[in-house]
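Dumped run07.csv below, it's CSV, C-alpha atoms and all ligand atoms:
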```
chain,number,residue,atom,x,y,z
A,6,MET,CA,174.4,-74.7,-37.4
A,7,PRO,CA,178.0,-73.6,-36.8
A,8,GLU,CA,179.1,-72.6,-33.3
A,9,TYR,CA,179.7,-68.8,-33.0
A,10,PRO,CA,181.3,-67.3,-29.9
A,11,ASP,CA,178.8,-65.7,-27.6
A,12,PRO,CA,179.5,-61.9,-28.1
A,13,LEU,CA,178.7,-61.2,-24.4
A,14,GLU,CA,181.3,-63.8,-23.2
A,15,GLU,CA,183.7,-62.4,-25.8
A,16,LEU,CA,183.4,-58.9,-24.3
A,17,ASP,CA,184.0,-60.1,-20.8
A,18,ALA,CA,187.1,-62.0,-21.9
A,19,GLY,CA,188.3,-59.0,-23.8
A,20,LEU,CA,187.9,-56.8,-20.7
A,21,ALA,CA,189.8,-59.3,-18.6
A,22,GLU,CA,192.6,-59.3,-21.2
A,23,LEU,CA,192.8,-55.5,-21.0
A,24,ASP,CA,193.2,-55.8,-17.3
A,25,THR,CA,196.0,-58.3,-17.6
A,26,ALA,CA,197.8,-56.1,-20.1
A,27,GLY,CA,197.5,-53.1,-17.9
A,28,LEU,CA,195.3,-51.5,-20.5
A,29,ARG,CA,191.9,-51.3,-18.9
A,30,ARG,CA,190.7,-47.7,-18.8
A,31,ARG,CA,188.7,-46.2,-16.0
A,32,ARG,CA,187.4,-42.7,-15.5
A,33,ARG,CA,187.7,-40.7,-12.3
A,34,ILE,CA,184.9,-38.5,-11.1
A,35,VAL,CA,185.9,-34.8,-10.6
A,36,THR,CA,183.8,-32.8,-8.2
A,37,THR,CA,185.4,-29.3,-8.6
A,38,PRO,CA,185.8,-27.1,-11.7
A,39,CYS,CA,188.8,-27.7,-14.0
A,40,ARG,CA,191.8,-26.3,-12.1
A,41,PRO,CA,195.0,-27.6,-10.6
A,42,ASP,CA,193.6,-27.9,-7.1
A,43,THR,CA,191.1,-30.7,-7.8
A,44,ARG,CA,188.8,-32.9,-5.7
A,45,LEU,CA,187.8,-36.4,-6.8
A,46,ALA,CA,184.9,-38.5,-5.7
A,47,ASP,CA,187.2,-41.4,-4.8
A,48,ARG,CA,189.3,-39.6,-2.2
A,49,GLU,CA,189.0,-37.3,0.8
A,50,ASP,CA,191.9,-34.9,0.2
A,51,ALA,CA,192.5,-32.6,-2.8
A,52,VAL,CA,195.0,-33.5,-5.5
A,53,THR,CA,197.1,-31.3,-7.7
A,54,ALA,CA,196.2,-32.1,-11.3
A,55,PHE,CA,198.8,-32.1,-14.1
A,56,CYS,CA,196.5,-33.6,-16.8
A,57,SER,CA,194.1,-31.1,-18.3
A,58,ASN,CA,194.8,-29.3,-21.5
A,59,ASP,CA,193.6,-26.0,-19.9
A,60,TYR,CA,197.0,-24.4,-20.7
A,61,LEU,CA,196.1,-20.9,-19.9
A,62,GLY,CA,193.8,-21.7,-16.9
A,63,LEU,CA,190.7,-20.3,-18.7
A,64,ALA,CA,188.3,-23.2,-18.2
A,65,ALA,CA,187.1,-21.9,-14.8
A,66,GLU,CA,187.8,-18.3,-15.5
A,67,PRO,CA,185.0,-16.1,-14.1
A,68,ALA,CA,185.0,-13.8,-17.2
A,69,LEU,CA,184.2,-16.8,-19.4
A,70,ALA,CA,181.4,-17.9,-17.1
A,71,ALA,CA,180.0,-14.4,-17.1
A,72,ALA,CA,180.0,-14.3,-20.9
A,73,ALA,CA,178.2,-17.7,-20.9
A,74,HIS,CA,175.6,-16.4,-18.5
A,75,GLN,CA,175.0,-13.4,-20.8
A,76,GLY,CA,174.8,-15.8,-23.7
A,77,ILE,CA,172.3,-18.0,-21.9
A,78,ASP,CA,170.2,-15.0,-21.1
A,79,ARG,CA,170.1,-13.9,-24.7
A,80,TRP,CA,169.8,-17.3,-26.5
A,81,GLY,CA,168.6,-19.8,-24.0
A,82,VAL,CA,170.4,-23.2,-24.3
A,83,GLY,CA,169.8,-25.0,-27.6
A,84,SER,CA,170.5,-23.9,-31.2
A,85,GLY,CA,167.5,-26.0,-32.4
A,86,ALA,CA,169.0,-27.1,-35.7
A,87,SER,CA,172.1,-27.6,-37.8
A,88,HIS,CA,173.9,-24.4,-39.0
A,89,LEU,CA,172.7,-24.8,-42.6
A,90,VAL,CA,169.0,-25.1,-41.5
A,91,SER,CA,168.3,-22.5,-38.8
A,92,GLY,CA,171.0,-23.1,-36.1
A,93,HIS,CA,173.5,-20.5,-37.2
A,94,TYR,CA,173.3,-17.6,-34.7
A,95,ALA,CA,174.8,-14.1,-34.7
A,96,ALA,CA,177.2,-15.3,-31.9
A,97,HIS,CA,178.5,-18.1,-34.1
A,98,GLU,CA,179.0,-15.7,-37.0
A,99,ALA,CA,180.8,-13.2,-34.8
A,100,LEU,CA,183.0,-16.0,-33.4
A,101,GLU,CA,184.0,-17.2,-36.9
A,102,THR,CA,184.9,-13.7,-38.0
A,103,ARG,CA,187.0,-13.1,-34.9
A,104,LEU,CA,188.8,-16.4,-35.1
A,105,ALA,CA,189.7,-16.0,-38.8
A,106,ALA,CA,191.1,-12.5,-38.1
A,107,PHE,CA,192.9,-13.8,-35.0
A,108,VAL,CA,194.8,-16.5,-36.9
A,109,GLY,CA,195.3,-14.3,-40.0
A,110,MET,CA,193.1,-16.2,-42.4
A,111,ASP,CA,190.2,-15.1,-44.7
A,112,ASP,CA,187.4,-17.1,-43.1
A,113,ALA,CA,186.6,-19.7,-40.5
A,114,LEU,CA,184.1,-22.4,-39.8
A,115,TYR,CA,183.1,-23.3,-36.2
A,116,PHE,CA,182.6,-27.0,-35.3
A,117,SER,CA,181.2,-28.6,-32.1
A,118,THR,CA,184.4,-30.5,-31.5
A,119,GLY,CA,187.9,-31.0,-33.0
A,120,TYR,CA,187.2,-34.6,-33.6
A,121,MET,CA,184.2,-33.7,-35.7
A,122,ALA,CA,186.2,-31.1,-37.6
A,123,ASN,CA,189.0,-33.6,-38.5
A,124,ILE,CA,186.7,-36.5,-39.5
A,125,GLY,CA,184.7,-34.1,-41.7
A,126,VAL,CA,187.3,-31.9,-43.4
A,127,MET,CA,189.5,-34.6,-44.8
A,128,PRO,CA,186.7,-36.4,-46.7
A,129,ALA,CA,185.5,-33.0,-48.0
A,130,LEU,CA,188.9,-32.4,-49.6
A,131,VAL,CA,190.1,-35.8,-50.9
A,132,GLY,CA,188.5,-39.1,-51.8
A,133,ARG,CA,189.0,-42.4,-53.5
A,134,GLY,CA,192.2,-42.4,-55.7
A,135,ASP,CA,193.7,-39.5,-53.8
A,136,ALA,CA,196.4,-39.7,-51.2
A,137,ILE,CA,196.9,-38.4,-47.6
A,138,PHE,CA,200.4,-38.0,-46.2
A,139,ALA,CA,200.3,-38.2,-42.4
A,140,ASP,CA,202.8,-38.0,-39.7
A,141,LYS,CA,203.0,-41.4,-37.9
A,142,VAL,CA,202.0,-40.0,-34.5
A,143,ASN,CA,199.2,-37.7,-35.6
A,144,HIS,CA,196.2,-37.5,-33.4
A,145,ALA,CA,193.6,-40.4,-33.7
A,146,SER,CA,191.0,-38.1,-35.2
A,147,LEU,CA,193.2,-37.3,-38.1
A,148,VAL,CA,193.7,-41.1,-38.7
A,149,ASP,CA,189.9,-41.6,-38.6
A,150,GLY,CA,189.4,-38.6,-41.0
A,151,ALA,CA,191.8,-40.2,-43.4
A,152,LEU,CA,190.0,-43.5,-43.2
A,153,LEU,CA,186.6,-42.0,-43.8
A,154,SER,CA,187.9,-40.1,-46.9
A,155,ARG,CA,188.8,-43.4,-48.6
A,156,ALA,CA,192.0,-41.8,-49.9
A,157,GLU,CA,195.2,-43.8,-49.6
A,158,LEU,CA,196.7,-43.2,-46.2
A,159,ILE,CA,200.5,-42.9,-46.5
A,160,ARG,CA,202.2,-42.4,-43.1
A,161,TYR,CA,205.7,-41.0,-42.8
A,162,PRO,CA,208.1,-41.3,-39.9
A,163,HIS,CA,207.6,-38.7,-37.2
A,164,CYS,CA,208.6,-35.2,-38.5
A,165,ASP,CA,210.7,-36.8,-41.2
A,166,VAL,CA,210.5,-34.2,-44.0
A,167,GLN,CA,212.9,-36.1,-46.3
A,168,ALA,CA,210.8,-39.3,-46.1
A,169,LEU,CA,207.7,-37.3,-46.8
A,170,ALA,CA,209.4,-35.6,-49.8
A,171,ALA,CA,210.2,-39.1,-51.3
A,172,ARG,CA,206.7,-40.3,-50.7
A,173,LEU,CA,205.2,-37.2,-52.4
A,174,GLN,CA,207.5,-37.6,-55.3
A,175,ALA,CA,206.5,-41.2,-55.8
A,176,SER,CA,202.8,-40.6,-55.6
A,177,THR,CA,200.7,-40.3,-58.8
A,178,ALA,CA,197.5,-39.4,-56.8
A,179,PRO,CA,195.7,-36.5,-58.5
A,180,ARG,CA,194.9,-34.8,-55.2
A,181,LYS,CA,197.2,-34.9,-52.2
A,182,LEU,CA,196.8,-33.7,-48.7
A,183,ILE,CA,199.6,-33.4,-46.1
A,184,VAL,CA,198.3,-33.5,-42.5
A,185,THR,CA,200.1,-33.0,-39.3
A,186,ASP,CA,199.6,-32.0,-35.7
A,187,GLY,CA,201.1,-28.5,-35.1
A,188,VAL,CA,202.1,-29.6,-31.6
A,189,PHE,CA,202.1,-33.4,-31.1
A,190,SER,CA,199.6,-34.2,-28.4
A,191,MET,CA,201.5,-37.1,-26.7
A,192,ASP,CA,205.1,-35.9,-27.4
A,193,GLY,CA,204.8,-32.1,-27.1
A,194,ASP,CA,207.2,-31.3,-29.9
A,195,ILE,CA,206.4,-28.8,-32.7
A,196,ALA,CA,206.0,-30.0,-36.4
A,197,PRO,CA,208.5,-28.7,-38.9
A,198,LEU,CA,205.8,-26.6,-40.5
A,199,ARG,CA,208.0,-24.4,-42.6
A,200,GLU,CA,209.5,-27.4,-44.4
A,201,LEU,CA,206.1,-29.1,-44.7
A,202,LEU,CA,204.6,-26.0,-46.3
A,203,ALA,CA,207.5,-25.8,-48.7
A,204,LEU,CA,206.7,-29.4,-49.8
A,205,ALA,CA,203.0,-28.6,-50.0
A,206,GLU,CA,203.8,-25.6,-52.3
A,207,ALA,CA,206.2,-27.6,-54.5
A,208,HIS,CA,203.6,-30.4,-54.9
A,209,LYS,CA,200.5,-28.2,-55.1
A,210,THR,CA,199.0,-30.1,-52.1
A,211,TRP,CA,197.0,-28.9,-49.1
A,212,LEU,CA,198.7,-28.7,-45.8
A,213,LEU,CA,196.2,-29.3,-43.0
A,214,VAL,CA,197.6,-28.3,-39.6
A,215,ASP,CA,195.8,-29.5,-36.5
A,216,ASP,CA,196.8,-27.0,-33.9
A,217,ALA,CA,194.8,-28.3,-30.9
A,218,HIS,CA,197.8,-27.7,-28.6
A,219,GLY,CA,199.3,-24.6,-30.3
A,220,PHE,CA,196.3,-22.3,-30.5
A,221,GLY,CA,196.4,-19.9,-27.6
A,222,VAL,CA,199.9,-21.0,-26.6
A,223,LEU,CA,202.3,-20.5,-29.4
A,224,GLY,CA,203.0,-17.4,-31.6
A,225,PRO,CA,202.4,-13.7,-31.0
A,226,GLN,CA,199.4,-13.3,-28.6
A,227,GLY,CA,198.8,-17.0,-28.8
A,228,ARG,CA,197.8,-16.9,-32.5
A,229,GLY,CA,199.0,-20.4,-33.0
A,230,SER,CA,201.8,-22.5,-34.6
A,231,LEU,CA,201.5,-21.0,-38.1
A,232,THR,CA,202.2,-17.5,-36.7
A,233,HIS,CA,204.9,-19.0,-34.5
A,234,PHE,CA,206.8,-19.7,-37.8
A,235,GLY,CA,205.3,-16.6,-39.6
A,236,LEU,CA,203.7,-18.8,-42.3
A,237,ASN,CA,201.0,-17.8,-44.7
A,238,SER,CA,199.9,-19.6,-47.9
A,239,PRO,CA,196.7,-20.4,-49.8
A,240,ARG,CA,197.8,-24.1,-49.4
A,241,LEU,CA,197.3,-23.9,-45.6
A,242,ILE,CA,194.3,-25.1,-43.9
A,243,TYR,CA,194.4,-24.4,-40.1
A,244,MET,CA,192.4,-26.3,-37.5
A,245,GLY,CA,192.3,-25.0,-33.9
A,246,THR,CA,190.4,-26.5,-31.0
A,247,LEU,CA,188.6,-24.4,-28.4
A,248,GLY,CA,188.4,-26.9,-25.5
A,249,LYS,CA,192.1,-26.7,-24.6
A,250,ALA,CA,193.8,-23.3,-24.2
A,251,ALA,CA,190.5,-21.5,-25.0
A,252,GLY,CA,188.9,-23.2,-22.0
A,253,VAL,CA,185.5,-23.9,-23.5
A,254,SER,CA,184.8,-26.5,-26.2
A,255,GLY,CA,184.6,-26.7,-30.0
A,256,ALA,CA,187.0,-26.2,-32.9
A,257,PHE,CA,187.4,-24.2,-36.1
A,258,ILE,CA,188.8,-24.6,-39.5
A,259,ALA,CA,190.4,-21.5,-41.0
A,260,GLY,CA,191.6,-20.9,-44.5
A,261,GLN,CA,190.9,-19.2,-47.9
A,262,ARG,CA,187.4,-18.0,-48.4
A,263,SER,CA,186.8,-20.6,-51.2
A,264,VAL,CA,188.1,-23.4,-48.9
A,265,ILE,CA,185.7,-22.5,-46.2
A,266,ASP,CA,182.8,-22.1,-48.6
A,267,TRP,CA,183.6,-25.5,-50.0
A,268,LEU,CA,183.8,-27.1,-46.5
A,269,LEU,CA,180.5,-25.4,-45.5
A,270,ASN,CA,178.9,-27.2,-48.5
A,271,LYS,CA,180.6,-30.6,-48.3
A,272,THR,CA,181.6,-31.4,-44.7
A,273,ARG,CA,179.2,-34.0,-43.4
A,274,SER,CA,180.2,-33.6,-39.8
A,275,TYR,CA,179.3,-30.0,-40.1
A,276,ILE,CA,176.1,-30.4,-42.1
A,277,PHE,CA,174.4,-33.3,-40.4
A,278,THR,CA,174.7,-32.2,-36.8
A,279,THR,CA,173.0,-29.7,-34.5
A,280,GLY,CA,174.8,-26.4,-34.0
A,281,ALA,CA,176.6,-26.0,-30.7
A,282,PRO,CA,174.7,-23.9,-28.2
A,283,PRO,CA,175.2,-20.2,-29.1
A,284,LEU,CA,176.0,-19.3,-25.5
A,285,LEU,CA,179.3,-21.2,-26.0
A,286,ALA,CA,180.2,-18.9,-28.9
A,287,ASP,CA,179.7,-15.9,-26.5
A,288,ALA,CA,182.0,-17.5,-24.0
A,289,LEU,CA,184.5,-18.2,-26.8
A,290,LEU,CA,184.5,-14.6,-28.0
A,291,THR,CA,185.6,-13.7,-24.5
A,292,ALA,CA,188.1,-16.5,-24.5
A,293,VAL,CA,189.8,-15.1,-27.7
A,294,ASP,CA,190.0,-11.7,-26.0
A,295,LEU,CA,191.7,-13.3,-23.0
A,296,ILE,CA,194.1,-15.3,-25.2
A,297,GLU,CA,195.0,-12.2,-27.2
A,298,HIS,CA,195.7,-10.3,-23.9
A,299,GLY,CA,197.2,-13.3,-22.3
A,300,ASP,CA,200.9,-12.6,-22.5
A,301,ALA,CA,201.3,-12.6,-18.7
A,302,ARG,CA,199.7,-16.1,-18.6
A,303,ARG,CA,201.9,-17.4,-21.4
A,304,ALA,CA,205.0,-15.9,-19.7
A,305,HIS,CA,204.2,-17.6,-16.5
A,306,LEU,CA,203.5,-20.9,-18.3
A,307,GLN,CA,206.9,-20.6,-20.2
A,308,ALA,CA,208.7,-20.0,-16.9
A,309,LEU,CA,207.0,-23.1,-15.4
A,310,ILE,CA,208.0,-25.2,-18.5
A,311,ALA,CA,211.7,-24.0,-18.1
A,312,ARG,CA,211.6,-24.7,-14.4
A,313,PHE,CA,210.2,-28.2,-14.8
A,314,SER,CA,212.6,-29.3,-17.6
A,315,ALA,CA,215.6,-27.8,-15.9
A,316,GLY,CA,214.8,-29.5,-12.6
A,317,LEU,CA,213.8,-33.0,-13.8
A,318,LYS,CA,217.1,-34.7,-14.4
A,319,LEU,CA,216.1,-38.3,-14.9
A,320,LYS,CA,218.3,-41.4,-15.1
A,321,ARG,CA,216.2,-44.3,-16.1
A,322,TRP,CA,213.1,-42.6,-17.5
A,323,GLN,CA,213.1,-40.1,-20.3
A,324,LEU,CA,211.8,-36.6,-20.4
A,325,LEU,CA,211.0,-35.9,-24.0
A,326,PRO,CA,212.5,-32.7,-25.4
A,327,SER,CA,209.5,-30.2,-25.6
A,328,GLU,CA,209.2,-26.5,-25.4
A,329,THR,CA,205.4,-26.7,-25.0
A,330,PRO,CA,203.3,-27.4,-21.9
A,331,ILE,CA,203.1,-31.1,-22.8
A,332,GLN,CA,206.1,-32.6,-20.9
A,333,PRO,CA,206.0,-36.4,-21.4
A,334,VAL,CA,208.1,-38.7,-19.2
A,335,VAL,CA,208.5,-42.0,-21.1
A,336,ILE,CA,208.7,-45.0,-18.8
A,337,GLY,CA,208.1,-47.8,-21.4
A,338,ASP,CA,206.3,-50.6,-19.6
A,339,ASN,CA,202.5,-50.3,-19.2
A,340,HIS,CA,202.5,-51.8,-15.6
A,341,GLU,CA,205.4,-49.7,-14.4
A,342,THR,CA,203.9,-46.6,-15.9
A,343,LEU,CA,200.6,-47.4,-14.1
A,344,ALA,CA,202.5,-48.0,-10.8
A,345,VAL,CA,204.2,-44.6,-11.1
A,346,SER,CA,200.9,-42.9,-11.8
A,347,ARG,CA,199.4,-44.6,-8.7
A,348,ALA,CA,202.4,-43.7,-6.6
A,349,LEU,CA,202.1,-40.1,-7.6
A,350,ASP,CA,198.4,-40.3,-6.8
A,351,ALA,CA,199.2,-41.5,-3.3
A,352,GLU,CA,201.3,-38.3,-3.0
A,353,GLY,CA,198.3,-36.2,-4.1
A,354,LEU,CA,199.7,-35.6,-7.6
A,355,TRP,CA,197.3,-36.5,-10.5
A,356,VAL,CA,199.3,-37.5,-13.6
A,357,PRO,CA,197.6,-40.1,-15.9
A,358,ALA,CA,199.4,-43.0,-17.4
A,359,ILE,CA,199.1,-42.9,-21.2
A,360,ARG,CA,199.3,-46.3,-22.8
A,361,PRO,CA,198.9,-48.0,-26.2
A,362,PRO,CA,197.1,-47.5,-28.5
A,363,THR,CA,197.3,-43.8,-27.6
A,364,VAL,CA,201.1,-44.1,-27.8
A,365,PRO,CA,203.2,-46.8,-29.5
A,366,LYS,CA,203.8,-50.1,-27.8
A,367,GLY,CA,206.6,-50.0,-25.3
A,368,ALA,CA,206.4,-46.2,-25.0
A,369,ALA,CA,203.9,-45.9,-22.2
A,370,ARG,CA,204.4,-42.6,-20.5
A,371,LEU,CA,203.3,-40.0,-18.0
A,372,ARG,CA,201.8,-37.1,-19.9
A,373,ILE,CA,202.5,-34.2,-17.7
A,374,VAL,CA,200.7,-31.0,-18.7
A,375,LEU,CA,201.6,-27.7,-17.2
A,376,SER,CA,199.2,-24.8,-17.1
A,377,ALA,CA,199.4,-21.1,-16.3
A,378,ALA,CA,197.2,-21.9,-13.4
A,379,HIS,CA,200.0,-23.9,-11.7
A,380,SER,CA,202.3,-22.3,-9.1
A,381,GLU,CA,206.0,-22.7,-9.0
A,382,ALA,CA,205.6,-24.6,-5.7
A,383,GLN,CA,203.3,-27.1,-7.3
A,384,VAL,CA,205.7,-27.7,-10.2
A,385,ASP,CA,208.6,-28.1,-7.7
A,386,ARG,CA,206.7,-30.7,-5.7
A,387,LEU,CA,206.0,-32.7,-8.9
A,388,VAL,CA,209.7,-32.6,-9.9
A,389,ALA,CA,210.9,-33.7,-6.4
A,390,THR,CA,208.3,-36.5,-6.2
A,391,LEU,CA,209.2,-37.8,-9.7
A,392,LEU,CA,212.9,-37.8,-8.9
A,393,ARG,CA,212.3,-39.7,-5.6
A,394,LEU,CA,210.0,-42.3,-7.3
A,395,GLU,CA,212.5,-42.9,-10.1
A,396,GLY,CA,215.0,-43.9,-7.4
A,397,ALA,CA,212.6,-45.8,-5.2
A,398,LEU,CA,210.9,-47.9,-7.9
A,399,ALA,CA,214.1,-49.0,-9.6
B,1,LIG,C1,192.1,-32.9,-28.5
B,1,LIG,C2,192.6,-33.0,-29.9
B,1,LIG,C3,191.6,-33.1,-30.9
B,1,LIG,C4,190.2,-33.2,-30.7
B,1,LIG,O1,189.6,-32.0,-30.3
B,1,LIG,P1,188.3,-32.1,-29.4
B,1,LIG,O2,187.8,-30.7,-29.5
B,1,LIG,O3,188.7,-32.5,-28.1
B,1,LIG,O4,187.4,-33.1,-30.1
B,1,LIG,C5,192.1,-33.1,-32.2
B,1,LIG,N1,193.4,-33.1,-32.5
B,1,LIG,C6,194.3,-33.1,-31.5
B,1,LIG,C7,195.8,-33.1,-31.9
B,1,LIG,C8,193.9,-33.1,-30.2
B,1,LIG,O5,194.8,-33.1,-29.2
```
Rewrite the structure from the file as structure tokens, please.
Ligand SMILES: *Cc1c(COP(=O)(O)O)cnc(C)c1O
Amino acid sequence: MPEYPDPLEELDAGLAELDTAGLRRRRRIVTTPCRPDTRLADREDAVTAFCSNDYLGLAAEPALAAAAHQGIDRWGVGSGASHLVSGHYAAHEALETRLAAFVGMDDALYFSTGYMANIGVMPALVGRGDAIFADKVNHASLVDGALLSRAELIRYPHCDVQALAARLQASTAPRKLIVTDGVFSMDGDIAPLRELLALAEAHKTWLLVDDAHGFGVLGPQGRGSLTHFGLNSPRLIYMGTLGKAAGVSGAFIAGQRSVIDWLLNKTRSYIFTTGAPPLLADALLTAVDLIEHGDARRAHLQALIARFSAGLKLKRWQLLPSETPIQPVVIGDNHETLAVSRALDAEGLWVPAIRPPTVPKGAARLRIVLSAAHSEAQVDRLVATLLRLEGALA
């Protein structure tokens, strides 16, 4: 019998390799609600967190908790079944109607998570023999959705509209789908959506925009990155997530009525899963109200972004150009990035080190995320500490 490696020993060796490469991931245990002033199980004092995607500070908002309480009183906890069987409640229906109108689309479909929306929608739209054109730094869930679809995955350099045009021109695939993050999750920049839509129109393809980081933040009343550019087209399929700026969890796809009807019939990650608890839809209806009336929160957030990027004049490290709450500082080396993250931690500032495969090799970074819940003083302290560490760790 041939000798096979013992899979258990293989895993142990693999974990040791991750350690050596500075790539071993560990979770920290949070003991307070999601807010900047955070307590962790592994330390006595509080830290100021710059890591959540709770851009508007809604995750611990009492009005959302109150809506969830009302929801639980009305519905209890579970939905009992998938949406197509008996798990589609009036709260879900009301949420879909509200979300569609809010982003200016005909109709919407509510998913339990953004990951599930992405891995389901792409296989429902394209398949074997078709082609998906994807920005090189798109979110992992979009890569997985493309792989599941079995369509050819053609990646174009980050935001390179000309390269995309050439690849579209060269393709003979009968069905094509262009897919992009609206705001790139690890870089913070905004996709050239106007140009991408023009290509989608010219080539009669879908343009799927994953607006996990734009919904609630960009555009009038936080209606998202399509409204930021004033775009509208039957070619557009919009995906927004509800666990970031909206402060709860879940996601939705919005588009033309026929698109949503098709997805309702064909999306396996929608069909073969239990509906999210209806109480979350109640909380989300309140979240959309708070987003719509959230200009003060967005103005404070924008002021913090401007303050941070104006103050952080780095020499060795690089602050990526970004007008969004995602403000990445690229350090490069995995170990140095970890060391900086640990040094910040020692100062009571929680900023995670983001390493490959989440970002390209050699581009490890601090992913600093600002929120309307931060104060100017908290942002100033982060800037001052980063500047000091850049000098001290040289
Ligand atoms: C967070 C995120 C997702 C996944 O959404 P979840 O609701 O957290 O599953 C998808 N796309 C992008 C760009 C994201 O940042």
Check which residues fall inside 9 Å of ligand LIG 1 (chain B) when counting only C-alpha atoms and all ligand atoms, and print them as a ChimeraX atom specification. /A:58,116-123,143-147,185-191,215-218,244-249,254-256
Fewer than 2 positions away in the same chain doesn't count, so skip those; otherwise give me all residues within 10 Å of region 148-152 of chain A, counting all atoms listed in the file, as a ChimeraX atom specification. /A:120-129,131-132,136-146,154-160,182,184
For a quick check of your reading of the model, name the residues lying within 12 Å of the coordinate (208.6, -40.3, -51.7), counting all atoms listed in the file, and write them as a short mmCIF file (atom, residue, chain, number, x, y, z; two decimals) with C-alpha atoms, in the frame of the given file.
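Contents of the output file point-v3.cif:
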```
data_model
loop_
_atom_site.label_atom_id
_atom_site.label_comp_id
_atom_site.auth_asym_id
_atom_site.auth_seq_id
_atom_site.Cartn_x
_atom_site.Cartn_y
_atom_site.Cartn_z
CA PHE A 138 200.40 -38.00 -46.20
CA ILE A 159 200.50 -42.90 -46.50
CA ARG A 160 202.20 -42.40 -43.10
CA TYR A 161 205.70 -41.00 -42.80
CA PRO A 162 208.10 -41.30 -39.90
CA ASP A 165 210.70 -36.80 -41.20
CA VAL A 166 210.50 -34.20 -44.00
CA GLN A 167 212.90 -36.10 -46.30
CA ALA A 168 210.80 -39.30 -46.10
CA LEU A 169 207.70 -37.30 -46.80
CA ALA A 170 209.40 -35.60 -49.80
CA ALA A 171 210.20 -39.10 -51.30
CA ARG A 172 206.70 -40.30 -50.70
CA LEU A 173 205.20 -37.20 -52.40
CA GLN A 174 207.50 -37.60 -55.30
CA ALA A 175 206.50 -41.20 -55.80
CA SER A 176 202.80 -40.60 -55.60
CA THR A 177 200.70 -40.30 -58.80
CA LEU A 204 206.70 -29.40 -49.80
CA HIS A 208 203.60 -30.40 -54.90
#
```
Within 12 Å of Ala304 (chain A), counting all atoms listed in the file, which residues show up once you throw out same-chain ones fewer than 4 positions away? Write them as a ChimeraX atom specification, please. /A:60-61,222-223,225-227,298-300,308-311,330,376-378
Please indicate the distance in Å from CA of Ala72 (chain A) to CA of Gly252 (chain A), rounded to one decimal place.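 According to the coordinates, CA of Ala72 (chain A) and CA of Gly252 (chain A) are separated by 12.6 Å.
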So, with all atoms listed in the file as the atoms that count, which of A:Val82, A:Leu343, A:Leu349, A:Val374 lies closest to Arg29 (chain A)? A:Leu343
Hey, could you make a per-residue contact list for region 91-162 of chain A against region 284-297 of chain A with 8 Å as the cut-off, showing the nearest pair of atoms and its distance in Å to one decimal, counting only C-alpha atoms, sorted by chain and number, as a Markdown table?
```
| residue | atom | partner | partner_atom | distance |
| --- | --- | --- | --- | --- |
| A:Ala96 | CA | A:Ala286 | CA | 5.6 |
| A:His97 | CA | A:Ala286 | CA | 5.5 |
| A:Ala99 | CA | A:Leu290 | CA | 7.9 |
| A:Leu100 | CA | A:Leu290 | CA | 5.8 |
| A:Arg103 | CA | A:Leu290 | CA | 7.5 |
| A:Leu104 | CA | A:Val293 | CA | 7.6 |
```
To one decimal in Å, tell me the separation between CA of Gly85 (chain A) and CA of Ile276 (chain A).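 Separation of CA of Gly85 (chain A) and CA of Ile276 (chain A): 13.7 Å.
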In terms of all atoms listed in the file, the residue from A:Ala259, A:Met6, A:Ala71, A:Val90 at minimal distance from Phe277 (chain A) is A:Val90
State, in Å with one decimal place, the distance from CA of Arg370 (chain A) to CA of Ala358 (chain A). 5.9 Å
Looking at only C-alpha atoms, which of A:Ser230, A:Arg199, A:Gly92, A:Gly134 is the one that sits closest to Ala178 (chain A)? A:Gly134
Using only C-alpha atoms, what residues lie at most 12 Å away from (203.8, -47.0, -9.0) (file coordinates), given as a PyMOL selection string? chain A and resi 336+338-352+356-358+371+390-391+393-399
Restricting the calculation to only C-alpha atoms: of A:Pro282, A:Arg32, A:Ala301, A:Thr272, which residue gets closest to Gly81 (chain A)? A:Pro282
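Residue neighbourhood of Lys320 (chain A), excluding near-sequence residues (fewer than 2 positions): Leu317, Lys318, Trp322, Gln323, Leu324, Leu392, Glu395 and Gly396 of chain A, at 10 Å, using only C-alpha atoms.
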May I have the residues from that selection written out with C-alpha atoms, as a PDB file, keeping the file's coordinate frame?
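Once everything was written out, this is result_37.pdb:
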```
ATOM      1  CA  LEU A 317     213.800 -33.000 -13.800  1.00  0.00           C
ATOM      2  CA  LYS A 318     217.100 -34.700 -14.400  1.00  0.00           C
ATOM      3  CA  TRP A 322     213.100 -42.600 -17.500  1.00  0.00           C
ATOM      4  CA  GLN A 323     213.100 -40.100 -20.300  1.00  0.00           C
ATOM      5  CA  LEU A 324     211.800 -36.600 -20.400  1.00  0.00           C
ATOM      6  CA  LEU A 392     212.900 -37.800  -8.900  1.00  0.00           C
ATOM      7  CA  GLU A 395     212.500 -42.900 -10.100  1.00  0.00           C
ATOM      8  CA  GLY A 396     215.000 -43.900  -7.400  1.00  0.00           C
TER       9      GLY A 396
END
```
From A:Ile183, A:Val35, A:Leu231, A:Cys164, residue lying nearest Thr210 (chain A) [all atoms listed in the file]: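 Counting all atoms listed in the file, the residue closest to Thr210 (chain A) is A:Ile183.
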